[in-house]
Number of protein chains: 2
Amino acid sequence: MLSEFDLIQQYFQRPQHAARATLGIGDDCALLTPTPGMQTAISSDMLVEGRHFFAGEDAARLGHKALAVNLSDLAAMGARPVGFTLALALPSADRDWLAGFSKGLFALADAYNIELVGGDTTKGPLNICITVFGEVRPGQALRRAAAQPDDDIWISGTLGDARLALAGYRLEQAMDAASLLAAAARLHTPTPRVALGTLLAEQGIARAAIDISDGLVSDLGHILKLSRVGATLDVDALPAGAVLATRETALRRAYTAAGGDDYELCFTAPASARAAVLAAAASVATPVTRVGRIEAAPGLRLVDAAGAALDLQLHGFDHFTS
Amino acid sequence: MLSEFDLIQQYFQRPQHAARATLGIGDDCALLTPTPGMQTAISSDMLVEGRHFFAGEDAARLGHKALAVNLSDLAAMGARPVGFTLALALPSADRDWLAGFSKGLFALADAYNIELVGGDTTKGPLNICITVFGEVRPGQALRRAAAQPDDDIWISGTLGDARLALAGYRLEQAMDAASLLAAAARLHTPTPRVALGTLLAEQGIARAAIDISDGLVSDLGHILKLSRVGATLDVDALPAGAVLATRETALRRAYTAAGGDDYELCFTAPASARAAVLAAAASVATPVTRVGRIEAAPGLRLVDAAGAALDLQLHGFDHFTS
């Protein structure tokens, strides 16, 4: 039987990158040497079976997603990823699952040249808790509280396909297999927008940012509340995912505005920075779309392409009330 | 019904300490400003209901223990605690539980003047994942790999009462209520040996250290393996907890040597540092006991008070094989 230490050694311990962790897995703590003058950005996300992913979900995709959603938080702060810890509760030490999970996890970690520096493994209902560390220069972090009236509101990539895939799995929406497969890629293997987020921060282009995990309306709402501003959002300007774009207007509006699980960035920037935003986005090959405007008047006003008010019944995802 | 954001605001968000986190709860990431020249020590521990604590365990004790076991890892590294993240999966948003848990958690956090800087809450089988951050001067960390032949082996506090309490709960040992209560305090509310650990590191007194969570023989084994040394351990010199000390020799030996859940420090120091170890321990009012010696010959030799070999059938706790 696979012991806890064998499990760590076989599936999670890898040769250390000399540059990052001074001391990695295998001691009471990991030791990191901060880059002089930089702040440390920290975020934790916990993924629970049956809540954040289906029971029986492919282990490699899960390894990817667990790290991706955490990297997305760093991206939304404009922080460069450095390393992460992994705490893992597993019903059993299943070799196939561990091989798949660690493969998906490390493929994404390697893409960002970041290291697993420590963590914990235990028996229990499947639960994946990752804490990521990044670095950002003081004053450059993209804070939720930093939006200003007349800022543009921008969205990276496209929205809604992850929610559409969920509707497909739940049989709430009829979908052919090819469409479901295409949409489901957005649900299972989100792309954290790290290159865009760090560039927007380092070049001082964007003001506020958040990553879209609970749905745009809900997540933008955090920016509005903390920045003490309001906004008008052009719902028909929201970039729909490739599969969702073929669906009817009402569904497109609902899922782009409040779908959730998108892991795109919503950020604000002054109107004078439009060319800079587009140039930055092009330089990292990440599409961005301007979708609204921050205003002094509190509240979020949803409008259609003609500027007419839309009364959509939307709500973001809340773990304890939904 | 209590929403996720209300829950965080009501039970976990507190006024920020100006000194530590530049940005705490409520953004995509927390921002910490590292002390110039210091390394960051990081550790994660996950506690699962039914595995690390009984179902129905008192919430305040659980809040204490979840943070204490993490602080114990910092102590074993000789790192000063700075802050922590908390990821929490809860079956429901129960106000009484949350009030108790956060009370126990913050009482310990306040004792060390550390801050909850961020985290995550979700619905799911009860699971508590804390990641702690500390600081240590480069070269001062107490690493498992640093033990040297002829080092003394020291233990802080006493061992075995936590294991005895577990045996009492499981009816493996007959215990009167007063004894069970006394022993159980060690199981439920362990004291992280932060003051001792940081002093031993900062004064350069100790070499290797580990905290005793899986049982001394098992945890000391990690020091021996990583330091490529062996040791002789005087089992009868091991300081037994107040309740265990009244029990028969065989039980005392078994539970002090391999009980687990002690959260005491096991550390090594050169024989020339004996007076310094005792002075450091006295200055932080933490008893320490010399219990053996590191040797060049590999393997761990258990002996009794007369120096005769003991053949105890011991094993530490492993989450996937026990």
# chains A, B, ... in the order shown; residues from 1 in each chain; ligands from 1
>>> interface_residues(of="chain A", to="chain B", cutoff="6 Å", atoms="only C-alpha atoms", output="list of chain:residue names")
A:Ser3, A:Glu4, A:Asp28, A:Cys29, A:Ala30, A:Leu31, A:Leu32, A:Thr33, A:Gln39, A:Thr40, A:Ala41, A:Ile42, A:Ser43, A:Ser44, A:Asp45, A:Asp73, A:Gly119, A:Asp120, A:Thr122, A:Lys123, A:His319, A:Phe320, A:Thr321
>>> select_by_dssp(residues="region 129-291 of chain B", states="helix (DSSP H, G or I)", output="short mmCIF file (atom, residue, chain, number, x, y, z; two decimals) with C-alpha atoms, in the first residue's frame")
data_model
loop_
_atom_site.label_atom_id
_atom_site.label_comp_id
_atom_site.auth_asym_id
_atom_site.auth_seq_id
_atom_site.Cartn_x
_atom_site.Cartn_y
_atom_site.Cartn_z
CA ARG B 144 15.55 18.50 9.24
CA ALA B 145 18.74 17.79 7.32
CA ALA B 146 21.04 19.62 9.76
CA ASP B 161 -1.06 12.57 26.91
CA ALA B 162 -2.74 13.38 23.60
CA ARG B 163 -2.44 9.73 22.59
CA LEU B 164 -3.66 8.61 25.98
CA ALA B 165 -6.76 10.80 25.63
CA LEU B 166 -7.45 9.23 22.24
CA ALA B 167 -7.15 5.79 23.84
CA GLY B 168 -9.58 6.95 26.53
CA TYR B 169 -12.13 8.15 23.99
CA ALA B 177 -13.25 11.55 33.95
CA ALA B 178 -10.70 13.88 35.56
CA SER B 179 -7.77 12.07 33.94
CA LEU B 180 -9.45 12.02 30.56
CA LEU B 181 -10.20 15.71 30.80
CA ALA B 182 -6.63 16.56 31.73
CA ALA B 183 -5.11 14.41 28.99
CA ALA B 184 -7.64 15.60 26.43
CA ALA B 185 -6.52 19.21 26.83
CA ARG B 186 -3.28 18.14 25.17
CA LEU B 187 -5.20 16.54 22.29
CA HIS B 188 -7.60 19.40 21.67
CA VAL B 194 6.94 29.17 18.76
CA ALA B 195 8.89 31.09 21.41
CA LEU B 196 11.32 28.22 21.92
CA GLY B 197 11.72 27.43 18.22
CA THR B 198 12.45 31.00 17.18
CA LEU B 199 14.88 31.53 20.05
CA LEU B 200 16.81 28.33 19.25
CA ALA B 201 17.06 29.47 15.62
CA GLU B 202 17.88 33.12 16.22
CA LEU B 216 8.49 10.92 18.05
CA VAL B 217 10.05 7.79 16.52
CA SER B 218 8.46 8.52 13.18
CA ASP B 219 9.24 12.24 13.19
CA LEU B 220 12.78 11.83 14.52
CA GLY B 221 13.15 9.31 11.69
CA HIS B 222 12.76 12.16 9.17
CA ILE B 223 15.65 14.04 10.79
CA LEU B 224 17.81 10.91 10.73
CA LYS B 225 17.00 10.13 7.11
CA LEU B 226 17.53 13.65 5.79
CA SER B 227 20.64 14.21 7.92
CA VAL B 235 12.99 5.82 25.95
CA ASP B 236 12.82 6.01 29.74
CA ALA B 237 14.12 9.58 29.61
CA LEU B 244 0.50 9.24 31.27
CA ALA B 245 3.24 9.49 33.91
CA THR B 246 0.92 7.69 36.35
CA THR B 249 5.95 1.48 32.00
CA ALA B 250 4.95 -0.29 28.78
CA LEU B 251 2.18 2.18 28.01
CA ARG B 252 4.35 5.13 28.97
CA ARG B 253 7.12 3.95 26.67
CA ALA B 254 4.76 3.30 23.76
CA TYR B 255 2.89 6.59 23.97
CA THR B 256 5.87 8.85 24.60
CA ALA B 257 7.88 7.23 21.82
CA ALA B 258 5.15 6.97 19.22
CA ALA B 271 26.75 18.88 23.43
CA SER B 272 28.68 22.13 23.91
CA ALA B 273 25.34 23.98 23.77
CA ARG B 274 23.70 22.21 26.72
CA ALA B 275 23.81 25.23 29.01
CA ALA B 276 22.59 27.49 26.20
CA VAL B 277 19.66 25.18 25.45
CA LEU B 278 18.61 25.11 29.09
CA ALA B 279 18.97 28.89 29.43
CA ALA B 280 16.96 29.53 26.25
CA ALA B 281 14.23 27.12 27.37
CA ALA B 282 14.09 28.72 30.82
CA SER B 283 13.83 32.21 29.33
#
>>> select_by_dssp(residues="region 69-245 of chain A", states="strand (DSSP E)", output="MDAnalysis selection string")
chainID A and resid 80:90 115:123 127:136 152:156 209:211 230:234
>>> write_last_selection(atoms="C-alpha atoms", output="compact mmCIF listing (two decimals), in the first residue's frame")
# COMPACT_ATOMS: atom_id res chain seq x y z
CA ARG A 80 3.72 37.20 -11.20
CA PRO A 81 3.34 33.60 -9.95
CA VAL A 82 6.20 32.22 -7.88
CA GLY A 83 5.04 29.01 -6.21
CA PHE A 84 2.21 27.19 -4.49
CA THR A 85 1.32 24.74 -1.74
CA LEU A 86 -1.12 21.87 -2.21
CA ALA A 87 -3.22 20.32 0.56
CA LEU A 88 -5.08 17.27 -0.63
CA ALA A 89 -7.69 15.09 1.05
CA LEU A 90 -8.19 11.82 -0.83
CA GLU A 115 7.12 25.30 -8.09
CA LEU A 116 5.10 23.19 -5.65
CA VAL A 117 6.90 24.13 -2.42
CA GLY A 118 4.96 22.16 0.16
CA GLY A 119 1.61 21.03 1.45
CA ASP A 120 -0.22 18.21 3.10
CA THR A 121 -1.91 14.95 2.15
CA THR A 122 -4.54 13.18 4.18
CA LYS A 123 -7.36 10.71 3.86
CA ASN A 127 -10.80 18.16 -1.38
CA ILE A 128 -8.07 20.16 -3.10
CA CYS A 129 -6.75 23.29 -1.42
CA ILE A 130 -4.08 25.28 -3.21
CA THR A 131 -2.42 28.44 -1.92
CA VAL A 132 -0.47 30.43 -4.52
CA PHE A 133 2.26 33.00 -4.04
CA GLY A 134 3.16 35.73 -6.45
CA GLU A 135 5.10 38.95 -6.50
CA VAL A 136 4.07 42.44 -7.45
CA ASP A 152 -13.81 51.81 -19.29
CA ILE A 153 -14.76 48.28 -18.27
CA TRP A 154 -12.94 45.55 -20.18
CA ILE A 155 -13.27 41.78 -20.37
CA SER A 156 -10.59 39.35 -21.53
CA ALA A 209 -9.35 44.14 -11.75
CA ILE A 210 -11.09 40.95 -10.63
CA ASP A 211 -11.28 37.50 -12.11
CA GLY A 230 -21.53 52.41 -10.19
CA ALA A 231 -21.44 51.29 -13.81
CA THR A 232 -23.35 50.80 -17.00
CA LEU A 233 -22.72 47.48 -18.69
CA ASP A 234 -23.59 46.87 -22.36
>>> atom_distance(atom1="CA of Gly307 (chain A)", atom2="CA of Gly292 (chain A)")
10.8 Å
